[in-house]
Each structure stands twice: as structure tokens, then as C-alpha cells.
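**Student:** Sharing data-v4.cif below, mmCIF, C-alpha atoms:
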data_model
loop_
_atom_site.label_atom_id
_atom_site.label_comp_id
_atom_site.auth_asym_id
_atom_site.auth_seq_id
_atom_site.Cartn_x
_atom_site.Cartn_y
_atom_site.Cartn_z
CA MET A 1 14.05 23.12 -13.38
CA ASP A 2 17.67 21.98 -13.60
CA ASN A 3 17.59 20.21 -10.23
CA PHE A 4 15.02 17.73 -11.55
CA LYS A 5 15.12 14.76 -13.91
CA VAL A 6 13.36 11.45 -14.61
CA ILE A 7 15.24 8.21 -15.16
CA GLU A 8 13.94 4.75 -16.07
CA ILE A 9 15.68 2.18 -13.90
CA LYS A 10 16.33 -1.35 -15.06
CA GLN A 11 15.75 -4.65 -13.32
CA SER A 12 18.79 -5.66 -11.28
CA VAL A 13 21.26 -8.20 -12.54
CA PHE A 14 22.68 -9.10 -9.13
CA ALA A 15 21.81 -12.55 -7.82
CA ASP A 16 22.84 -11.74 -4.26
CA ASN A 17 21.03 -8.55 -3.25
CA ASN A 18 22.41 -8.52 0.30
CA ARG A 19 25.99 -8.56 -0.94
CA GLU A 20 25.22 -5.80 -3.43
CA ALA A 21 23.55 -3.75 -0.64
CA ASP A 22 26.67 -4.08 1.54
CA ARG A 23 28.77 -2.90 -1.41
CA VAL A 24 26.50 0.16 -1.92
CA ARG A 25 26.77 1.01 1.80
CA ALA A 26 30.58 0.68 1.73
CA GLU A 27 30.74 3.10 -1.24
CA LEU A 28 28.50 5.57 0.57
CA LYS A 29 30.67 5.27 3.66
CA LYS A 30 33.76 6.23 1.65
CA GLU A 31 31.96 9.31 0.35
CA HIS A 32 30.60 10.22 3.82
CA THR A 33 27.04 10.05 2.49
CA PHE A 34 24.14 8.69 4.54
CA LEU A 35 21.32 6.92 2.67
CA LEU A 36 17.83 6.91 4.18
CA ASN A 37 15.24 4.48 2.79
CA LEU A 38 11.75 5.88 3.44
CA MET A 39 8.86 3.45 3.03
CA SER A 40 5.08 3.52 3.53
CA SER A 41 1.70 2.75 2.01
CA PRO A 42 0.51 4.97 -0.84
CA GLY A 43 -0.76 8.27 0.51
CA SER A 44 0.83 8.16 3.99
CA GLY A 45 2.58 11.45 3.35
CA LYS A 46 6.13 10.47 2.39
CA THR A 47 6.60 13.46 0.10
CA THR A 48 5.02 15.97 2.50
CA THR A 49 7.17 14.59 5.33
CA LEU A 50 10.26 14.95 3.15
CA LYS A 51 9.39 18.54 2.30
CA ALA A 52 9.02 19.38 6.02
CA THR A 53 12.29 17.53 6.77
CA ILE A 54 14.22 19.28 4.01
CA ALA A 55 12.97 22.70 5.15
CA ARG A 56 14.50 22.05 8.59
CA LEU A 57 17.75 20.36 7.56
CA LYS A 58 18.81 21.86 4.25
CA ASP A 59 20.98 24.57 5.83
CA LYS A 60 22.79 21.96 7.93
CA LEU A 61 23.11 19.06 5.51
CA ARG A 62 23.59 18.77 1.75
CA ILE A 63 20.54 16.73 0.70
CA GLY A 64 19.53 14.87 -2.47
CA VAL A 65 16.31 12.93 -3.04
CA MET A 66 15.35 9.96 -5.24
CA GLU A 67 11.61 9.58 -5.76
CA ALA A 68 10.68 6.07 -6.84
CA ASP A 69 7.36 5.64 -8.58
CA ILE A 70 5.81 3.29 -11.04
CA ASP A 71 4.70 6.23 -13.12
CA SER A 72 4.30 10.04 -12.91
CA ASP A 73 6.79 12.65 -11.77
CA VAL A 74 4.62 14.64 -9.35
CA ASP A 75 6.74 13.78 -6.30
CA ALA A 76 10.12 14.71 -7.78
CA ARG A 77 8.65 18.00 -8.99
CA ALA A 78 7.35 18.71 -5.47
CA ILE A 79 10.77 17.99 -3.95
CA ALA A 80 12.60 20.03 -6.60
CA GLU A 81 10.58 23.05 -5.47
CA THR A 82 12.35 22.87 -2.09
CA GLY A 83 15.62 23.64 -3.90
CA VAL A 84 17.42 20.35 -3.25
CA LYS A 85 18.56 18.00 -5.97
CA SER A 86 15.78 15.57 -6.89
CA ILE A 87 15.43 12.75 -9.39
CA GLN A 88 12.44 10.61 -10.27
CA LEU A 89 13.08 6.87 -10.63
CA HIS A 90 10.53 5.04 -12.76
CA THR A 91 10.43 1.40 -11.75
CA GLY A 92 8.57 0.17 -14.84
CA GLY A 93 5.81 -1.48 -12.82
CA MET A 94 8.10 -2.97 -10.18
CA CYS A 95 6.77 -2.82 -6.64
CA HIS A 96 10.03 -2.21 -4.77
CA LEU A 97 13.66 -1.17 -5.16
CA ASP A 98 16.60 -3.42 -4.50
CA ALA A 99 20.25 -2.44 -4.04
CA GLY A 100 21.14 -2.59 -7.73
CA MET A 101 18.21 -0.38 -8.67
CA THR A 102 19.03 2.04 -5.87
CA GLU A 103 22.62 2.23 -7.06
CA GLN A 104 21.44 3.29 -10.54
CA GLY A 105 19.58 6.14 -8.85
CA LEU A 106 22.53 7.10 -6.64
CA LYS A 107 24.78 7.34 -9.70
CA GLU A 108 22.34 9.66 -11.47
CA LEU A 109 21.86 11.72 -8.33
CA GLY A 110 25.59 12.00 -7.66
CA THR A 111 26.49 11.47 -4.01
CA ALA A 112 30.05 12.89 -3.76
CA ASP A 113 28.78 16.27 -2.57
CA LEU A 114 25.87 14.99 -0.45
CA ASP A 115 25.65 14.35 3.30
CA LEU A 116 22.17 12.87 3.10
CA ALA A 117 20.65 10.96 0.18
CA ILE A 118 17.02 9.98 0.61
CA LEU A 119 15.20 7.24 -1.27
CA GLU A 120 11.44 7.59 -1.27
CA ASN A 121 10.52 3.99 -2.04
CA VAL A 122 7.43 2.84 -4.00
CA GLY A 123 4.25 3.28 -1.92
CA ASN A 124 3.82 -0.27 -0.65
CA LEU A 125 3.86 -1.72 2.86
CA VAL A 126 4.82 -5.21 1.69
CA CYS A 127 7.50 -5.70 -0.97
CA PRO A 128 9.98 -2.88 -0.23
CA ALA A 129 10.55 -4.37 3.24
CA GLU A 130 11.97 -7.52 1.63
CA PHE A 131 14.91 -5.83 -0.10
CA ASP A 132 17.98 -4.23 1.44
CA THR A 133 18.56 -1.13 -0.73
CA GLY A 134 21.99 -0.33 0.72
CA ALA A 135 20.46 2.28 3.02
CA VAL A 136 22.09 3.08 6.37
CA LYS A 137 18.68 3.28 8.04
CA ASN A 138 15.13 2.26 7.07
CA VAL A 139 12.21 4.38 8.20
CA ALA A 140 8.49 3.67 7.75
CA ILE A 141 5.64 6.13 7.83
CA LEU A 142 2.23 5.01 9.04
CA SER A 143 -0.53 7.61 8.88
CA VAL A 144 -3.40 7.93 11.33
CA PRO A 145 -6.16 7.21 8.75
CA GLU A 146 -4.59 3.82 7.99
CA GLY A 147 -5.33 2.52 11.48
CA HIS A 148 -3.30 1.33 14.46
CA ASP A 149 -3.50 -2.36 13.52
CA LYS A 150 -1.00 -2.20 10.64
CA PRO A 151 2.02 -3.60 12.59
CA LEU A 152 -0.10 -6.73 13.14
CA LYS A 153 -0.87 -7.12 9.46
CA TYR A 154 2.43 -6.10 7.82
CA PRO A 155 5.02 -7.44 10.30
CA LEU A 156 8.17 -7.34 8.16
CA MET A 157 7.96 -3.60 7.45
CA PHE A 158 8.05 -2.84 11.18
CA GLU A 159 10.82 -5.38 11.82
CA VAL A 160 13.25 -3.92 9.26
CA CYS A 161 12.84 -0.25 10.23
CA GLN A 162 14.87 1.60 12.84
CA ALA A 163 12.28 4.38 13.14
CA LEU A 164 8.54 4.74 12.63
CA ILE A 165 6.90 8.07 11.86
CA ILE A 166 3.20 8.26 12.76
CA ASN A 167 1.98 10.96 10.38
CA LYS A 168 -1.23 13.02 10.15
CA ILE A 169 -1.70 13.36 13.92
CA ASP A 170 -3.63 16.58 13.14
CA VAL A 171 -6.60 14.40 12.10
CA LEU A 172 -6.53 12.17 15.21
CA PRO A 173 -9.91 13.55 16.40
CA TYR A 174 -11.64 12.21 13.27
CA PHE A 175 -10.34 8.63 13.31
CA ASP A 176 -10.50 5.66 15.69
CA PHE A 177 -6.73 5.51 16.04
CA ASP A 178 -5.21 4.37 19.33
CA MET A 179 -1.68 5.78 19.78
CA ASP A 180 -0.97 3.48 22.74
CA LYS A 181 -1.96 0.42 20.73
CA VAL A 182 0.13 1.33 17.69
CA ARG A 183 3.14 1.77 19.98
CA GLU A 184 2.44 -1.58 21.62
CA PHE A 185 2.02 -3.37 18.26
CA ALA A 186 5.10 -1.74 16.67
CA LEU A 187 7.32 -2.46 19.70
CA LYS A 188 6.09 -6.06 19.68
CA ARG A 189 7.50 -6.37 16.14
CA ASN A 190 10.66 -4.44 16.95
CA PRO A 191 11.51 -3.52 20.56
CA ASN A 192 14.18 -1.02 19.43
CA ILE A 193 12.10 0.99 16.96
CA GLU A 194 12.06 4.77 17.56
CA ILE A 195 8.57 6.27 17.21
CA PHE A 196 7.88 9.85 16.11
CA PRO A 197 4.27 11.08 16.03
CA ILE A 198 4.15 14.04 13.63
CA SER A 199 1.95 16.16 11.42
CA ALA A 200 3.95 16.95 8.29
CA LYS A 201 1.17 19.40 7.43
CA THR A 202 1.19 21.49 10.65
CA GLY A 203 4.82 20.76 11.60
CA GLU A 204 3.96 19.25 14.99
CA GLY A 205 6.59 16.73 16.08
CA VAL A 206 8.76 17.24 12.98
CA ASP A 207 11.64 18.78 14.96
CA ALA A 208 12.08 15.64 17.07
CA TRP A 209 12.15 13.45 13.95
CA CYS A 210 14.67 15.77 12.27
CA ALA A 211 16.90 15.81 15.37
CA TRP A 212 17.00 12.01 15.31
CA LEU A 213 17.75 11.91 11.58
CA GLU A 214 20.48 14.53 11.89
CA SER A 215 22.12 12.60 14.74
CA GLN A 216 22.08 9.43 12.63
CA VAL A 217 23.71 11.23 9.70
CA GLU A 218 26.36 12.80 11.98
CA GLU A 219 27.17 9.42 13.50
CA TRP A 220 27.59 7.78 10.06
CA VAL A 221 29.59 10.60 8.51
CA ARG A 222 31.98 10.94 11.46
CA GLN A 223 32.54 7.25 12.20
CA ASP A 224 35.64 5.67 10.71
CA MET B 1 -17.02 -18.88 16.18
CA ASP B 2 -17.77 -21.73 13.79
CA ASN B 3 -18.09 -19.43 10.75
CA PHE B 4 -14.42 -18.50 11.04
CA LYS B 5 -11.13 -20.22 10.26
CA VAL B 6 -7.53 -19.48 9.27
CA ILE B 7 -5.77 -21.31 6.44
CA GLU B 8 -2.19 -21.04 5.22
CA ILE B 9 -2.18 -20.88 1.43
CA LYS B 10 0.68 -22.20 -0.65
CA GLN B 11 2.50 -20.64 -3.57
CA SER B 12 0.82 -21.51 -6.85
CA VAL B 13 2.16 -24.22 -9.10
CA PHE B 14 0.48 -22.98 -12.28
CA ALA B 15 2.75 -21.53 -14.92
CA ASP B 16 -0.09 -19.86 -16.80
CA ASN B 17 -2.07 -17.77 -14.31
CA ASN B 18 -4.48 -16.40 -16.92
CA ARG B 19 -5.53 -19.87 -17.99
CA GLU B 20 -5.96 -20.92 -14.37
CA ALA B 21 -8.05 -17.79 -13.70
CA ASP B 22 -10.34 -18.62 -16.63
CA ARG B 23 -10.76 -22.13 -15.23
CA VAL B 24 -11.68 -20.75 -11.77
CA ARG B 25 -14.26 -18.40 -13.38
CA ALA B 26 -15.76 -21.26 -15.41
CA GLU B 27 -16.16 -23.34 -12.23
CA LEU B 28 -17.81 -20.43 -10.43
CA LYS B 29 -20.14 -19.93 -13.38
CA LYS B 30 -21.31 -23.54 -13.14
CA GLU B 31 -22.08 -23.04 -9.45
CA HIS B 32 -23.79 -19.68 -10.08
CA THR B 33 -21.35 -17.96 -7.73
CA PHE B 34 -19.98 -14.47 -8.38
CA LEU B 35 -16.45 -13.71 -7.18
CA LEU B 36 -15.54 -10.12 -6.31
CA ASN B 37 -11.85 -9.20 -5.92
CA LEU B 38 -11.56 -6.17 -3.64
CA MET B 39 -8.20 -4.37 -3.65
CA SER B 40 -6.72 -1.25 -2.04
CA SER B 41 -3.81 0.19 -0.07
CA PRO B 42 -3.48 -0.82 3.57
CA GLY B 43 -5.98 1.08 5.70
CA SER B 44 -8.34 2.27 2.94
CA GLY B 45 -11.26 0.62 4.67
CA LYS B 46 -11.75 -2.66 2.81
CA THR B 47 -13.05 -4.50 5.86
CA THR B 48 -15.32 -1.67 7.02
CA THR B 49 -16.71 -1.35 3.48
CA LEU B 50 -17.37 -5.09 3.41
CA LYS B 51 -19.17 -4.96 6.74
CA ALA B 52 -21.41 -2.15 5.45
CA THR B 53 -21.97 -4.08 2.19
CA ILE B 54 -22.82 -7.34 3.95
CA ALA B 55 -25.28 -5.58 6.26
CA ARG B 56 -27.22 -4.37 3.19
CA LEU B 57 -27.02 -7.51 1.02
CA LYS B 58 -27.00 -10.49 3.35
CA ASP B 59 -30.76 -10.96 3.27
CA LYS B 60 -30.75 -10.92 -0.54
CA LEU B 61 -27.58 -12.86 -1.34
CA ARG B 62 -25.75 -15.76 0.28
CA ILE B 63 -22.32 -14.27 0.96
CA GLY B 64 -18.92 -15.72 1.92
CA VAL B 65 -15.69 -13.78 2.48
CA MET B 66 -11.99 -14.61 2.14
CA GLU B 67 -9.70 -12.23 4.00
CA ALA B 68 -6.16 -12.35 2.65
CA ASP B 69 -3.42 -11.10 4.94
CA ILE B 70 0.25 -11.68 5.42
CA ASP B 71 -0.36 -12.22 9.09
CA SER B 72 -3.08 -11.71 11.78
CA ASP B 73 -6.73 -12.71 11.72
CA VAL B 74 -8.35 -9.44 12.79
CA ASP B 75 -10.21 -8.94 9.51
CA ALA B 76 -11.77 -12.40 9.31
CA ARG B 77 -12.89 -12.06 12.93
CA ALA B 78 -14.52 -8.70 12.11
CA ILE B 79 -16.35 -10.22 9.13
CA ALA B 80 -17.41 -13.32 11.06
CA GLU B 81 -19.22 -11.02 13.48
CA THR B 82 -21.59 -10.03 10.64
CA GLY B 83 -22.81 -13.63 10.58
CA VAL B 84 -21.56 -14.59 7.10
CA LYS B 85 -19.03 -17.32 6.43
CA SER B 86 -15.49 -15.93 6.64
CA ILE B 87 -12.03 -17.43 6.27
CA GLN B 88 -8.63 -15.87 6.75
CA LEU B 89 -6.01 -16.66 4.10
CA HIS B 90 -2.43 -16.26 5.27
CA THR B 91 -0.19 -15.59 2.29
CA GLY B 92 3.09 -16.32 4.06
CA GLY B 93 4.61 -12.96 3.17
CA MET B 94 3.34 -12.88 -0.40
CA CYS B 95 2.10 -9.50 -1.58
CA HIS B 96 -0.78 -10.62 -3.79
CA LEU B 97 -3.07 -13.53 -4.64
CA ASP B 98 -3.12 -15.29 -7.98
CA ALA B 99 -5.79 -17.65 -9.35
CA GLY B 100 -4.29 -20.79 -7.84
CA MET B 101 -4.07 -19.22 -4.40
CA THR B 102 -7.62 -17.88 -4.70
CA GLU B 103 -8.85 -21.34 -5.66
CA GLN B 104 -7.37 -22.80 -2.45
CA GLY B 105 -9.40 -20.22 -0.54
CA LEU B 106 -12.59 -20.89 -2.54
CA LYS B 107 -12.33 -24.63 -1.79
CA GLU B 108 -12.00 -23.97 1.95
CA LEU B 109 -14.83 -21.45 1.86
CA GLY B 110 -17.13 -23.74 -0.13
CA THR B 111 -18.95 -21.93 -2.93
CA ALA B 112 -21.76 -24.34 -3.84
CA ASP B 113 -24.23 -22.56 -1.56
CA LEU B 114 -22.99 -19.00 -2.19
CA ASP B 115 -24.25 -16.31 -4.58
CA LEU B 116 -21.41 -13.92 -3.78
CA ALA B 117 -17.88 -14.83 -2.74
CA ILE B 118 -15.65 -11.88 -1.87
CA LEU B 119 -11.87 -11.88 -1.83
CA GLU B 120 -10.35 -9.08 0.26
CA ASN B 121 -6.91 -9.01 -1.31
CA VAL B 122 -3.66 -8.10 0.49
CA GLY B 123 -3.47 -4.34 1.20
CA ASN B 124 -1.29 -3.23 -1.70
CA LEU B 125 -1.98 -0.92 -4.64
CA VAL B 126 0.71 -2.46 -6.84
CA CYS B 127 1.11 -6.24 -7.01
CA PRO B 128 -2.49 -7.51 -6.70
CA ALA B 129 -3.36 -5.61 -9.90
CA GLU B 130 -0.95 -7.80 -11.86
CA PHE B 131 -2.71 -11.11 -11.19
CA ASP B 132 -6.10 -12.29 -12.44
CA THR B 133 -7.58 -14.13 -9.44
CA GLY B 134 -10.48 -15.64 -11.35
CA ALA B 135 -12.82 -12.91 -10.10
CA VAL B 136 -15.80 -11.83 -12.19
CA LYS B 137 -15.17 -8.18 -11.29
CA ASN B 138 -12.28 -6.27 -9.73
CA VAL B 139 -13.01 -3.31 -7.49
CA ALA B 140 -10.53 -0.90 -5.92
CA ILE B 141 -11.01 1.31 -2.88
CA LEU B 142 -9.18 4.61 -2.65
CA SER B 143 -9.70 6.57 0.56
CA VAL B 144 -9.78 10.35 0.83
CA PRO B 145 -6.68 10.61 3.10
CA GLU B 146 -4.55 8.87 0.44
CA GLY B 147 -4.95 11.75 -1.99
CA HIS B 148 -6.52 12.25 -5.41
CA ASP B 149 -3.25 11.69 -7.32
CA LYS B 150 -3.15 7.91 -6.84
CA PRO B 151 -4.49 6.99 -10.34
CA LEU B 152 -1.47 8.86 -11.73
CA LYS B 153 1.00 6.91 -9.59
CA TYR B 154 -0.51 3.43 -9.63
CA PRO B 155 -1.95 3.18 -13.14
CA LEU B 156 -2.48 -0.58 -13.46
CA MET B 157 -4.77 -0.83 -10.43
CA PHE B 158 -7.19 1.64 -12.00
CA GLU B 159 -6.97 -0.01 -15.42
CA VAL B 160 -7.93 -3.50 -14.22
CA CYS B 161 -10.89 -2.47 -12.05
CA GLN B 162 -14.50 -2.17 -13.20
CA ALA B 163 -15.45 -0.02 -10.23
CA LEU B 164 -13.69 2.39 -7.89
CA ILE B 165 -14.98 3.14 -4.40
CA ILE B 166 -13.82 6.47 -2.95
CA ASN B 167 -14.08 5.80 0.78
CA LYS B 168 -13.97 8.04 3.88
CA ILE B 169 -15.84 10.96 2.27
CA ASP B 170 -16.90 11.90 5.84
CA VAL B 171 -13.39 13.35 6.37
CA LEU B 172 -13.32 15.36 3.11
CA PRO B 173 -13.30 18.68 5.05
CA TYR B 174 -9.98 17.79 6.71
CA PHE B 175 -7.98 16.81 3.60
CA ASP B 176 -6.90 18.47 0.36
CA PHE B 177 -8.75 15.94 -1.76
CA ASP B 178 -10.23 17.03 -5.07
CA MET B 179 -13.14 14.78 -6.09
CA ASP B 180 -13.24 16.22 -9.64
CA LYS B 181 -9.55 15.53 -10.13
CA VAL B 182 -9.72 11.95 -8.86
CA ARG B 183 -12.58 11.30 -11.29
CA GLU B 184 -10.59 12.85 -14.14
CA PHE B 185 -7.44 10.85 -13.30
CA ALA B 186 -9.30 7.55 -12.81
CA LEU B 187 -11.31 7.96 -16.04
CA LYS B 188 -8.09 8.76 -17.89
CA ARG B 189 -6.78 5.34 -16.83
CA ASN B 190 -10.07 3.60 -17.50
CA PRO B 191 -12.92 5.44 -19.27
CA ASN B 192 -15.48 2.77 -18.26
CA ILE B 193 -14.77 2.66 -14.54
CA GLU B 194 -17.80 3.17 -12.27
CA ILE B 195 -17.08 5.52 -9.37
CA PHE B 196 -18.84 5.35 -5.98
CA PRO B 197 -18.00 7.96 -3.34
CA ILE B 198 -18.95 6.48 0.04
CA SER B 199 -18.39 6.64 3.76
CA ALA B 200 -18.38 3.07 5.03
CA LYS B 201 -18.44 4.57 8.53
CA THR B 202 -21.55 6.77 8.19
CA GLY B 203 -23.20 4.75 5.40
CA GLU B 204 -23.35 7.64 2.92
CA GLY B 205 -23.27 6.39 -0.66
CA VAL B 206 -23.15 2.72 0.32
CA ASP B 207 -26.62 1.97 -1.12
CA ALA B 208 -25.54 3.03 -4.63
CA TRP B 209 -22.44 0.81 -4.44
CA CYS B 210 -24.50 -2.13 -3.17
CA ALA B 211 -27.11 -1.66 -5.92
CA TRP B 212 -24.35 -1.86 -8.53
CA LEU B 213 -22.79 -4.95 -6.91
CA GLU B 214 -26.16 -6.67 -6.63
CA SER B 215 -26.90 -5.98 -10.31
CA GLN B 216 -23.52 -7.47 -11.29
CA VAL B 217 -24.19 -10.60 -9.25
CA GLU B 218 -27.69 -10.97 -10.72
CA GLU B 219 -26.35 -10.63 -14.25
CA TRP B 220 -23.65 -13.27 -13.68
CA VAL B 221 -25.90 -15.74 -11.87
CA ARG B 222 -28.72 -15.49 -14.43
CA GLN B 223 -26.63 -15.46 -17.60
CA ASP B 224 -26.21 -18.79 -19.39
#
Give the structure from the file, written as C-alpha cells.

**Tutor:**
Amino acid sequence: MDNFKVIEIKQSVFADNNREADRVRAELKKEHTFLLNLMSSPGSGKTTTLKATIARLKDKLRIGVMEADIDSDVDARAIAETGVKSIQLHTGGMCHLDAGMTEQGLKELGTADLDLAILENVGNLVCPAEFDTGAVKNVAILSVPEGHDKPLKYPLMFEVCQALIINKIDVLPYFDFDMDKVREFALKRNPNIEIFPISAKTGEGVDAWCAWLESQVEEWVRQD
Amino acid sequence: MDNFKVIEIKQSVFADNNREADRVRAELKKEHTFLLNLMSSPGSGKTTTLKATIARLKDKLRIGVMEADIDSDVDARAIAETGVKSIQLHTGGMCHLDAGMTEQGLKELGTADLDLAILENVGNLVCPAEFDTGAVKNVAILSVPEGHDKPLKYPLMFEVCQALIINKIDVLPYFDFDMDKVREFALKRNPNIEIFPISAKTGEGVDAWCAWLESQVEEWVRQD
């Protein structure tokens, strides 16, 4: 596959990550490229959600994906099958990406001809929330089997995200998951967070999420 | 509840975590106390597995539990309801526990009258694997909804554990989870890992896991 490659990213050399993140965002702004930082626990369905998202948006937006993982290339291969440009970032054991690491990925991906670049962060509900990657928006996925109490236990993740996808709603009947409570707990952490219950597997709710994402990209690309 | 308290643990001051971990283990050995370090992603069912484990072992072993969390005290409250001693360790945003932090918890818990102390680590499949806590054995939980590919993506966790619990087997019919593949991938990371498929919710498989844990405790407590 020529739309697929693996790169080993290096530890960042920037002392001030926030400044570096602002610089990355300013560069993206110049190129009219939106960067989405997608975060979640391992196994919440980030890659499946991305595949469903790409299927709906790839005729409207030029999309590229960076799949961050400690090891393996299974996710980038899965994304490459959708036909969009995809690269695998190996973090060498690191539990998160910062702005400098993200920038290495963006350079390999090439953003000049992209409307939407997506970073699938390392599966981890803790560390990635601590680092601004330079993304325009942060989105977290929480899946039904993980339980509705997660905003209580991992507060920062829900504070730094502008949207929360509740994935795997097709298995709601088999789990003690309270949708009202998860909304209450997430909004307590972040009163402005947008919440999208979806099943990436069946497609339920994915259109609403994609409409929101598309509107965010349009707003960023058109703004001066 | 007088078997329940919350403590804020401080960042460790020890430069050499491995040496500190060996010191913690030597202290536990003197007191004939076994320390289990239980790790997993958020929402894999660590607390539910512990409740099922305690129900089966509390008449045979004197058990105490440390629940590590960034915030909230829901887990320690749940454990306290089982009647065993339980403390909540707040990590102040930190994504893992090291030996020095674990020792602060052990002192608060009091181990002199315990056969089995259990540390429920922060929900995170990455960082906790990097730090020896002083535990006698490390055990990971992977739940069916997370997917069978996790040993490929998070190699270190599966390398440092002596046993792997595959939880939530009651929902196997609703997920594309391949039990043969997860065994193959986990054994590739660690040929000696013991694997226990269980449902902490229904109790299926829990006896086999508890028998293994009990045998490990017995061996540690009796050995000179």
C-alpha cells in the first residue's frame, strides 16, 4: 500500500510545549488544515470510529490520519484500507504525544493538501490529556463497557475535550451503563462539552458526530 | 465506614525505583504479606474482579486493598462494602504508582495483620507497567470489549505480568473477540503468563483465578 508508512518519532526537544503547540496550530491555520486529536482508553473504538467517520466525510474533505501506537501497525493498515493517507507513529514506549512529536507526524503526513488531519493518540485516558498537541479540537471516546463513572475518575480528559463520543451504544442492553449519569458527570467536568452517543459498528449516531466535525473544520478553514 | 479512608500520596523521592521496590518486597516478606499489583485499562473491571475475589478468599486470607485513582473514591467505597480494609490513594494526576508511592499506601493500610495486600493501580495500560511497585506478582486484566489485539499494541504490560485475566467473557457473543488469538498474542509477549478467562459479573472462571492467587500467597508466606 503506498498510502501507508510507519515512522519512529523522537522525544521532543521543546521545553515549552504550549508555545510549540501554538506554533503548530498557526502553521496549520496558514495551510487551512484542521487537526483533530482523538483520545480514549485502549479498546474504546478509536479506529472503528475513524473508519466510520472517513466513510462519511472523505468525499467532502481531504483527510489524512496519524495513528500513534507504542508498537504494531494494525491501526494504520486498517485506516489505509479506507483509501485515505495514513501513517503509523511509533512512540517508542511513550504514553502520549506532545506538540513536537505531533509535528514530526504532520511533516511525514504532509498537510498542504489536507482539510482534515486526524491524530489517533495512544490509548490512554490519563497522560495524553496533559499535552497540547497543536490540535484545533480535542475529542475523547468513552465506550459503554468502560462504565459511566469515568468522568469522575479521569477528570482532566473530560476537561480538555470539546466533544465526547459515547461509543458502542449497540451493547447498552448488556452493560450497567447509565447514559443520564455519564452526561451529568461529563458536564460537571466541562459544561460546554458536546456529547455524541454512537455505535461505530452499526452506524447509529455517526451522522450527528460527522456533522459536528465537518462544521468545526469549515469554521477553521474559512476563518481568517 | 471505619474500614475506609482517602489519602493523598506524594511524588516519590527515590532516584532508584528498582532498589526501593526490592526494599518494599523484603519488608513484606518479613511480615509474611503478599502484595498483588493489579493493572488494566480504565473500565476493564478491576474493582468488580476484586469484589468477586474477596468474596471467595476473605475467609481464608486476611485481605487489605489500596485503590489508586487520580480522583474520586468510588472504588474504595465499593471495596469497603465487602468488609475488608480498603484505602483510596489519590495520585494527584499521576498516571502510575512506583515503589515509594506504594509504600506510602502500605503504611496507611497497615500490613502486619494481612496475608494479602492488593494494589489496584491507576487505570492505564501503559505507564503502570514501567514501574516496579514492590509487588510479589503483577496481574493484568484485559476485558473482552477492548479487543484481542491489545498484547500487540501494549507489549510491556503483558511482559511484566505473571498472570492475565480475560474479563467480561459473558459478553463474548456481542463482540468480535478471538480467545485463541489473544492467547497467542499474550504468550508471544510472555511465554510463561498464566491466562484466566472469567466473568467477574457472573462468577464464571473466578474460582480458577482465586485458586492460583491463593497458591501464590501460600508459597510467598511459607517460603523462608

**Student:** When you count only C-alpha atoms, which of these residues is closest to chain A: B:Ala200, B:Leu125, B:Cys161, B:Ile195?

**Tutor:**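 The closest residue to chain A is B:Leu125.
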
**Student:** Might you pull out every residue within 6 Å of range 141-147 of chain A, with all atoms listed in the file counted and same-chain residues fewer than 2 positions away left off, and present them as number ranges by chain?

**Tutor:** A: 40, 44, 149, 164-168, 177; B: 43

**Student:** With a distance threshold of 8 Å and counting all atoms listed in the file, extract the residues of chain B near chain A and express them as a ChimeraX atom specification.

**Tutor:** /B:41-44,69-72,93,95,123-127,145-147,150,152-155,171,174

**Student:** Pick from B:His32, B:Met179, B:Thr53, B:Asp16: nearest to Ala211 in chain B, with all atoms listed in the file counted?

**Tutor:**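 Using all atoms listed in the file, Ala211 in chain B sits closest to B:Thr53.
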
**Student:** How many Å lie between CA of Val65 in chain A and CA of Leu106 in chain A, rounded to one decimal?

**Tutor:**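 These two atoms are separated by 9.3 Å.
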
**Student:** Measure the distance from CA of Trp209 in chain A to CA of Phe196 in chain A in Å and round it to one decimal.

**Tutor:** 6.0 Å

**Student:** Expand the PyMOL selection byres ((chain A and resi 83) around 10) into the explicit residue set it covers here, and present it as number ranges by chain.

**Tutor:** A: 1, 3-4, 54-55, 58, 63-64, 78-82, 84-86

**Student:** Can you list, as a list in words, every protein, DNA or RNA residue that comes within 9 Å of Ala112 in chain A when you count all atoms listed in the file, leaving out same-chain residues fewer than 6 positions away?

**Tutor:** Leu28, Glu31, His32 and Thr33 of chain A

**Student:** Selection from above, C-alpha atoms, as a tab-separated table (two decimals), in the frame of the given file, can you write it?

**Tutor:**
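Final file, selection15.tsv:
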chain	number	residue	atom	x	y	z
A	28	LEU	CA	28.50	5.57	0.57
A	31	GLU	CA	31.96	9.31	0.35
A	32	HIS	CA	30.60	10.22	3.82
A	33	THR	CA	27.04	10.05	2.49

**Student:** For this structure, which residues satisfy the selection - the PyMOL selection byres ((chain A and resi 10) around 12) - when it is evaluated on the file as given? I want them as a list in words.

**Tutor:**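 For this structure, the PyMOL selection byres ((chain A and resi 10) around 12) resolves to Ile7, Glu8, Ile9, Gln11, Ser12, Val13, Phe14, Leu89, His90, Thr91, Gly92, Gly93, Met94, Leu97, Asp98, Ala99, Gly100, Met101, Thr102, Glu103, Gln104 and Gly105 of chain A.
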